[in-house]
Structures are given as structure tokens and as C-alpha cells.
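For reference, start.cif (mmCIF, C-alpha atoms):
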```
data_input
#
loop_
_atom_site.label_atom_id
_atom_site.label_comp_id
_atom_site.auth_asym_id
_atom_site.auth_seq_id
_atom_site.Cartn_x
_atom_site.Cartn_y
_atom_site.Cartn_z
CA MET A 1 32.87 6.56 -23.57
CA SER A 2 35.25 3.94 -22.21
CA PRO A 3 34.00 0.52 -21.04
CA GLU A 4 34.79 1.43 -17.44
CA GLN A 5 32.66 4.59 -17.62
CA SER A 6 29.75 2.74 -19.18
CA ALA A 7 29.98 0.08 -16.46
CA GLN A 8 29.91 2.77 -13.76
CA ARG A 9 27.02 4.63 -15.38
CA LYS A 10 23.73 3.44 -13.96
CA GLU A 11 20.65 2.78 -16.04
CA LYS A 12 17.91 5.38 -15.81
CA LEU A 13 14.84 4.43 -13.81
CA GLY A 14 11.92 3.35 -15.95
CA GLY A 15 10.63 0.31 -17.73
CA VAL A 16 7.76 -2.04 -17.00
CA PHE A 17 8.29 -2.24 -13.24
CA TRP A 18 8.41 1.55 -12.94
CA TRP A 19 5.07 1.84 -14.74
CA LEU A 20 3.57 -0.90 -12.56
CA LEU A 21 4.72 0.95 -9.46
CA LEU A 22 3.32 4.21 -10.80
CA GLY A 23 -0.02 2.42 -11.20
CA LEU A 24 0.27 1.15 -7.62
CA MET A 25 0.97 4.68 -6.37
CA ILE A 26 -2.06 6.03 -8.21
CA ALA A 27 -4.25 3.18 -6.93
CA SER A 28 -2.99 3.79 -3.40
CA ASP A 29 -3.79 7.49 -3.65
CA VAL A 30 -7.29 6.70 -4.92
CA GLY A 31 -7.71 4.16 -2.10
CA CYS A 32 -6.70 6.81 0.41
CA ILE A 33 -9.37 9.14 -0.97
CA LEU A 34 -11.94 6.36 -0.58
CA SER A 35 -10.78 5.73 2.97
CA ASP A 36 -11.36 9.43 3.65
CA LEU A 37 -14.97 8.84 2.62
CA LEU A 38 -15.15 6.10 5.26
CA ILE A 39 -13.77 8.51 7.83
CA ALA A 40 -16.25 11.21 6.83
CA GLY A 41 -19.11 8.71 6.94
CA GLY A 42 -18.04 7.49 10.37
CA ILE A 43 -17.87 11.03 11.70
CA ALA A 44 -21.28 11.83 10.21
CA ILE A 45 -22.85 8.73 11.74
CA SER A 46 -21.29 9.36 15.15
CA VAL A 47 -23.11 12.69 15.52
CA THR A 48 -25.93 10.85 17.27
CA VAL A 49 -25.41 8.88 20.47
CA VAL A 50 -26.61 5.63 18.89
CA GLY A 51 -24.50 6.21 15.78
CA ALA A 52 -21.34 6.62 17.85
CA VAL A 53 -21.22 2.86 18.35
CA VAL A 54 -20.86 2.36 14.60
CA GLY A 55 -19.43 5.71 13.50
CA VAL A 56 -16.29 5.88 15.62
CA PRO A 57 -15.04 2.38 14.67
CA LEU A 58 -15.88 3.13 11.02
CA ALA A 59 -13.76 6.29 11.13
CA VAL A 60 -10.89 4.43 12.81
CA VAL A 61 -11.05 1.63 10.23
CA GLY A 62 -11.07 4.20 7.42
CA TRP A 63 -7.98 5.90 8.84
CA ALA A 64 -6.19 2.55 9.32
CA VAL A 65 -6.96 1.47 5.76
CA GLY A 66 -5.54 4.72 4.41
CA VAL A 67 -2.36 4.40 6.45
CA LEU A 68 -1.87 0.73 5.48
CA LEU A 69 -2.39 1.49 1.77
CA SER A 70 0.16 4.28 1.95
CA PHE A 71 2.65 2.14 3.88
CA ASN A 72 2.28 -0.72 1.39
CA ALA A 73 2.93 1.56 -1.59
CA PHE A 74 5.84 3.21 0.25
CA MET A 75 7.49 -0.16 0.92
CA PHE A 76 7.09 -1.28 -2.70
CA SER A 77 8.69 1.95 -3.94
CA THR A 78 11.51 1.56 -1.41
CA GLY A 79 12.16 -1.97 -2.68
CA TYR A 80 12.23 -0.71 -6.25
CA TYR A 81 14.69 2.04 -5.36
CA LEU A 82 16.96 -0.32 -3.43
CA LYS A 83 16.90 -2.85 -6.28
CA ASN A 84 18.00 -0.11 -8.68
CA ASN A 85 20.77 1.19 -6.37
CA VAL A 86 19.15 4.54 -5.66
CA PRO A 87 20.76 6.24 -2.63
CA LEU A 88 17.80 7.12 -0.43
CA LEU A 89 19.59 9.07 2.30
CA GLU A 90 19.95 12.26 0.32
CA GLY A 91 18.39 15.48 1.59
CA ARG A 92 15.92 16.09 -1.22
CA LYS A 93 14.70 12.50 -1.29
CA ILE A 94 14.23 12.37 2.48
CA ALA A 95 12.39 15.70 2.40
CA THR A 96 10.15 14.48 -0.43
CA TRP A 97 9.27 11.30 1.45
CA GLY A 98 8.84 13.18 4.72
CA VAL A 99 6.33 15.61 3.24
CA SER A 100 4.50 12.70 1.62
CA ALA A 101 4.33 10.80 4.92
CA ILE A 102 3.05 13.86 6.81
CA ILE A 103 0.35 14.45 4.20
CA LYS A 104 -0.76 10.81 4.28
CA ALA A 105 -0.92 10.70 8.08
CA PHE A 106 -3.72 13.25 8.31
CA PRO A 107 -7.26 12.40 7.18
CA GLY A 108 -8.58 14.95 4.75
CA LEU A 109 -5.17 15.63 3.24
CA ASN A 110 -5.27 12.25 1.47
CA VAL A 111 -6.96 13.91 -1.49
CA ILE A 112 -3.48 15.16 -2.43
CA PRO A 113 -1.78 12.41 -4.49
CA ALA A 114 1.40 12.65 -2.42
CA LEU A 115 2.66 9.12 -3.12
CA THR A 116 2.41 9.55 -6.87
CA ILE A 117 4.02 12.98 -6.76
CA SER A 118 6.90 11.81 -4.52
CA PHE A 119 7.50 8.69 -6.64
CA VAL A 120 7.72 10.74 -9.84
CA ALA A 121 9.81 13.47 -8.16
CA ILE A 122 12.37 11.01 -6.77
CA THR A 123 12.56 9.28 -10.16
CA LEU A 124 13.19 12.61 -11.88
CA MET A 125 15.86 13.53 -9.33
CA GLU A 126 17.63 10.21 -9.78
CA ASN A 127 17.39 10.17 -13.57
CA THR A 128 18.85 13.68 -13.65
CA LYS A 129 21.86 12.44 -11.65
CA ARG A 130 22.25 9.38 -13.87
CA GLY A 131 22.49 11.44 -17.04
CA GLY A 132 20.22 12.83 -19.66
CA GLY A 133 18.29 14.91 -17.20
CA VAL A 134 14.63 15.66 -17.04
CA LEU A 135 14.62 17.83 -20.14
CA GLY A 136 16.81 15.68 -22.37
CA LYS A 137 19.17 16.97 -25.04
CA VAL A 138 16.47 18.10 -27.46
CA GLY A 139 14.49 19.91 -24.75
CA LYS A 140 17.59 21.77 -23.60
CA GLN A 141 18.44 22.85 -27.14
CA VAL A 142 14.93 24.09 -27.84
CA LEU A 143 14.54 25.89 -24.52
CA SER A 144 17.98 27.50 -24.63
CA LYS A 145 17.04 29.39 -27.84
CA THR A 146 15.07 31.95 -25.79
CA PRO A 147 16.40 33.99 -22.86
CA VAL A 148 13.66 32.75 -20.52
CA GLY A 149 14.23 29.17 -21.65
CA ALA A 150 17.97 29.43 -21.01
CA VAL A 151 17.28 30.58 -17.45
CA ALA A 152 14.74 27.78 -17.00
CA VAL A 153 17.28 25.17 -18.15
CA LYS A 154 19.88 26.48 -15.67
CA VAL A 155 17.35 26.47 -12.82
CA ALA A 156 16.18 22.94 -13.68
CA GLU A 157 19.75 21.66 -13.72
CA LYS A 158 20.49 23.21 -10.31
CA VAL A 159 17.22 22.21 -8.64
CA LEU A 160 16.93 18.72 -10.04
#
```

Written as C-alpha cells, how would this file's structure read?
Amino acid sequence: MSPEQSAQRKEKLGGVFWWLLLGLMIASDVGCILSDLLIAGGIAISVTVVGAVVGVPLAVVGWAVGVLLSFNAFMFSTGYYLKNNVPLLEGRKIATWGVSAIIKAFPGLNVIPALTISFVAITLMENTKRGGGVLGKVGKQVLSKTPVGAVAVKVAEKVL
């Protein structure tokens, strides 16, 4: 590989900051689940007329906490991607983020760890483009020994 090619080749995403962000995504997803408990508690309390005074604001606060946690984690991941020169305006990445945002906007769907899944999916997409792929050289060699594995390798290369 010439020096110019190695200079143009970008480093794969990973390292300490990636793991810290993965921890943040997991913590945010857990926080969203806990905020769903606040929402459920608020709705349960608001069944009575007297409880509506406390229950409705509790449900609203629970929803707001979930949205703010998700937004915070989303902004940190965006900063990480921009720092590492990841082009974010690609179809698959926008679709991944869009689905994650839709899931996080609705109470009750927060039990799905959408932020963690989207963070890992975008990292896999980008690392595949930067070389080495998701499977790696050894994984491709092992999988390509069987007919089903060879098809799986081709599908993974096209999809990711």
C-alpha cells in the first residue's frame, strides 16, 4: 500500500471513546425504560380524580426525561461520528437514525434498545466501508468453506 493510500484510508471506529459511547447508549436505553415506569405510574395514579393532579404531571415528566436522555445520547454519538469524519447523510444511516428516533418518541416502545442498536449498526456500516468489514478476513475464509456461508458472506458484503 502506498503512503498516499494509507493517508486516505480512514481508521476504523472503535477504541476507548467508542466503548464509552456504547456505555452511554446502554445507560440511556435503561434510563428510557425507567422513564416508561414513571409514565405508567403517572397514568395509573391519574385514574382517580384526585390522582390526576399528580399523575398527569408525573407522566409528562417521565416522557420528557425519556426524550431528553435519548436526545443527549444522540448528540454525543453525532459528535463522535463528526469527529471521526463519518458521512452521516447516507441513506442507510439516516434510515437507522430515523427508526431509532421514531421508536424513542413513543412511550412504551422505549423498552427496545434503539439507541444502542443504531449506534452499533452505524459503526458496523462505517467500518465495513473503511475496510476489513464486519466479518474480517478470517471470518470470510471460514464462512466461505460452506455453500451457505459463501452466500452469507456475499449478502453481508452487499447489505453492509

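If all atoms listed in the file are the atoms counted, then among A:Pro87, A:Ile103, A:Ala40, A:Ala95 the closest residue to A:Ser70 is A:Ile103.
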
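Selection check: the PyMOL selection byres ((chain A and resi 36) around 10) on the shown file gives Val30, Gly31, Cys32, Ile33, Leu34, Ser35, Leu37, Leu38, Ile39, Ala40, Gly41, Gly42, Ala59, Gly62, Trp63, Val65, Gly66, Phe106, Pro107, Gly108, Leu109, Asn110 and Val111 of chain A.
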
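Shortest atom-to-atom contact with A:Lys93 among A:Leu124, A:Val60, A:Val67, A:Ala27: A:Leu124, counting all atoms listed in the file.
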
Inset, instruction - Name the residues in contact with A:Phe119 at a cut-off of 8 Å, using only C-alpha atoms, excluding same-chain residues fewer than 2 positions from it; report them as a PyMOL selection string. - result: chain A and resi 22+25+77+115-117+121-123

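As for atom CA of A:Arg130 and atom CA of A:Ser28, they are spaced 27.9 Å apart.
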
Inset, instruction - Would you work out the distance separating atom CA of A:Tyr80 from atom CA of A:Glu11, expressed in Å to one decimal? - result: 13.4 Å

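Proximity ranking of A:Leu89, A:Leu82, A:Ala64, A:Val56 relative to A:Leu13 places A:Leu82 first, based on all atoms listed in the file.
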
Inset, instruction - Work out how far apart atom CA of A:Leu88 and atom CA of A:Asp29 are and give it in Å to one decimal. - result: 21.8 Å

Output as JSON the centre and edge lengths (Å, one decimal) of the box along x, y and z of the file that holds every listed atom of stretch 98-103 of chain A after adding 8 Å on each side.
```
{"center_x": 4.6, "center_y": 13.2, "center_z": 4.2, "size_x": 24.5, "size_y": 20.8, "size_z": 21.2}
```

Legend entry - Among listed residues A:Ile112, A:Leu20, A:Ile94, A:Val99, nearest A:Ala73 (using all atoms listed in the file): A:Leu20

Inset, instruction - Compare A:Gly14, A:Val53, A:Asn85, A:Phe71 by their minimum atom-to-atom distance to A:Trp97, counting all atoms listed in the file, and give me the closest one. - result: A:Phe71

Could you add the missing atoms to stretch 108-129 of chain A, up to N, CA and C atoms, and return them as a PDB file, in the frame of the given file?
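The resulting file, selection-v1.pdb, is reproduced below:
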```pdb
ATOM      1  N   GLY A 108      -8.187  13.717   5.415  1.00  0.00           N
ATOM      2  CA  GLY A 108      -8.580  14.950   4.750  1.00  0.00           C
ATOM      3  C   GLY A 108      -7.514  15.456   3.799  1.00  0.00           C
ATOM      4  N   LEU A 109      -6.254  15.241   4.141  1.00  0.00           N
ATOM      5  CA  LEU A 109      -5.170  15.630   3.240  1.00  0.00           C
ATOM      6  C   LEU A 109      -4.865  14.527   2.226  1.00  0.00           C
ATOM      7  N   ASN A 110      -5.523  13.367   2.385  1.00  0.00           N
ATOM      8  CA  ASN A 110      -5.270  12.250   1.470  1.00  0.00           C
ATOM      9  C   ASN A 110      -5.772  12.518   0.063  1.00  0.00           C
ATOM     10  N   VAL A 111      -6.520  13.595  -0.134  1.00  0.00           N
ATOM     11  CA  VAL A 111      -6.960  13.910  -1.490  1.00  0.00           C
ATOM     12  C   VAL A 111      -5.790  14.401  -2.339  1.00  0.00           C
ATOM     13  N   ILE A 112      -4.691  14.777  -1.707  1.00  0.00           N
ATOM     14  CA  ILE A 112      -3.480  15.160  -2.430  1.00  0.00           C
ATOM     15  C   ILE A 112      -2.733  13.878  -2.806  1.00  0.00           C
ATOM     16  N   PRO A 113      -2.465  13.656  -4.089  1.00  0.00           N
ATOM     17  CA  PRO A 113      -1.780  12.410  -4.490  1.00  0.00           C
ATOM     18  C   PRO A 113      -0.290  12.443  -4.154  1.00  0.00           C
ATOM     19  N   ALA A 114       0.015  12.470  -2.874  1.00  0.00           N
ATOM     20  CA  ALA A 114       1.400  12.650  -2.420  1.00  0.00           C
ATOM     21  C   ALA A 114       2.309  11.493  -2.810  1.00  0.00           C
ATOM     22  N   LEU A 115       1.805  10.261  -2.769  1.00  0.00           N
ATOM     23  CA  LEU A 115       2.660   9.120  -3.120  1.00  0.00           C
ATOM     24  C   LEU A 115       3.066   9.167  -4.583  1.00  0.00           C
ATOM     25  N   THR A 116       2.121   9.467  -5.439  1.00  0.00           N
ATOM     26  CA  THR A 116       2.410   9.550  -6.870  1.00  0.00           C
ATOM     27  C   THR A 116       3.392  10.684  -7.149  1.00  0.00           C
ATOM     28  N   ILE A 117       3.146  11.826  -6.541  1.00  0.00           N
ATOM     29  CA  ILE A 117       4.020  12.980  -6.760  1.00  0.00           C
ATOM     30  C   ILE A 117       5.434  12.688  -6.249  1.00  0.00           C
ATOM     31  N   SER A 118       5.556  12.091  -5.061  1.00  0.00           N
ATOM     32  CA  SER A 118       6.900  11.810  -4.520  1.00  0.00           C
ATOM     33  C   SER A 118       7.620  10.749  -5.338  1.00  0.00           C
ATOM     34  N   PHE A 119       6.876   9.735  -5.830  1.00  0.00           N
ATOM     35  CA  PHE A 119       7.500   8.690  -6.640  1.00  0.00           C
ATOM     36  C   PHE A 119       8.054   9.280  -7.938  1.00  0.00           C
ATOM     37  N   VAL A 120       7.267  10.120  -8.592  1.00  0.00           N
ATOM     38  CA  VAL A 120       7.720  10.740  -9.840  1.00  0.00           C
ATOM     39  C   VAL A 120       8.862  11.721  -9.559  1.00  0.00           C
ATOM     40  N   ALA A 121       8.764  12.489  -8.474  1.00  0.00           N
ATOM     41  CA  ALA A 121       9.810  13.470  -8.160  1.00  0.00           C
ATOM     42  C   ALA A 121      11.141  12.788  -7.866  1.00  0.00           C
ATOM     43  N   ILE A 122      11.119  11.721  -7.081  1.00  0.00           N
ATOM     44  CA  ILE A 122      12.370  11.010  -6.770  1.00  0.00           C
ATOM     45  C   ILE A 122      12.942  10.372  -8.034  1.00  0.00           C
ATOM     46  N   THR A 123      12.080   9.843  -8.891  1.00  0.00           N
ATOM     47  CA  THR A 123      12.560   9.280 -10.160  1.00  0.00           C
ATOM     48  C   THR A 123      13.210  10.344 -11.019  1.00  0.00           C
ATOM     49  N   LEU A 124      12.590  11.530 -11.101  1.00  0.00           N
ATOM     50  CA  LEU A 124      13.190  12.610 -11.880  1.00  0.00           C
ATOM     51  C   LEU A 124      14.518  13.048 -11.297  1.00  0.00           C
ATOM     52  N   MET A 125      14.599  13.144  -9.969  1.00  0.00           N
ATOM     53  CA  MET A 125      15.860  13.530  -9.330  1.00  0.00           C
ATOM     54  C   MET A 125      16.963  12.519  -9.655  1.00  0.00           C
ATOM     55  N   GLU A 126      16.627  11.248  -9.551  1.00  0.00           N
ATOM     56  CA  GLU A 126      17.630  10.210  -9.780  1.00  0.00           C
ATOM     57  C   GLU A 126      18.020  10.134 -11.251  1.00  0.00           C
ATOM     58  N   ASN A 127      17.057  10.229 -12.149  1.00  0.00           N
ATOM     59  CA  ASN A 127      17.390  10.170 -13.570  1.00  0.00           C
ATOM     60  C   ASN A 127      18.222  11.371 -14.007  1.00  0.00           C
ATOM     61  N   THR A 128      18.023  12.517 -13.359  1.00  0.00           N
ATOM     62  CA  THR A 128      18.850  13.680 -13.650  1.00  0.00           C
ATOM     63  C   THR A 128      20.292  13.410 -13.261  1.00  0.00           C
ATOM     64  N   LYS A 129      20.489  12.775 -12.096  1.00  0.00           N
ATOM     65  CA  LYS A 129      21.860  12.440 -11.650  1.00  0.00           C
ATOM     66  C   LYS A 129      22.492  11.396 -12.549  1.00  0.00           C
TER      67      LYS A 129
END
```
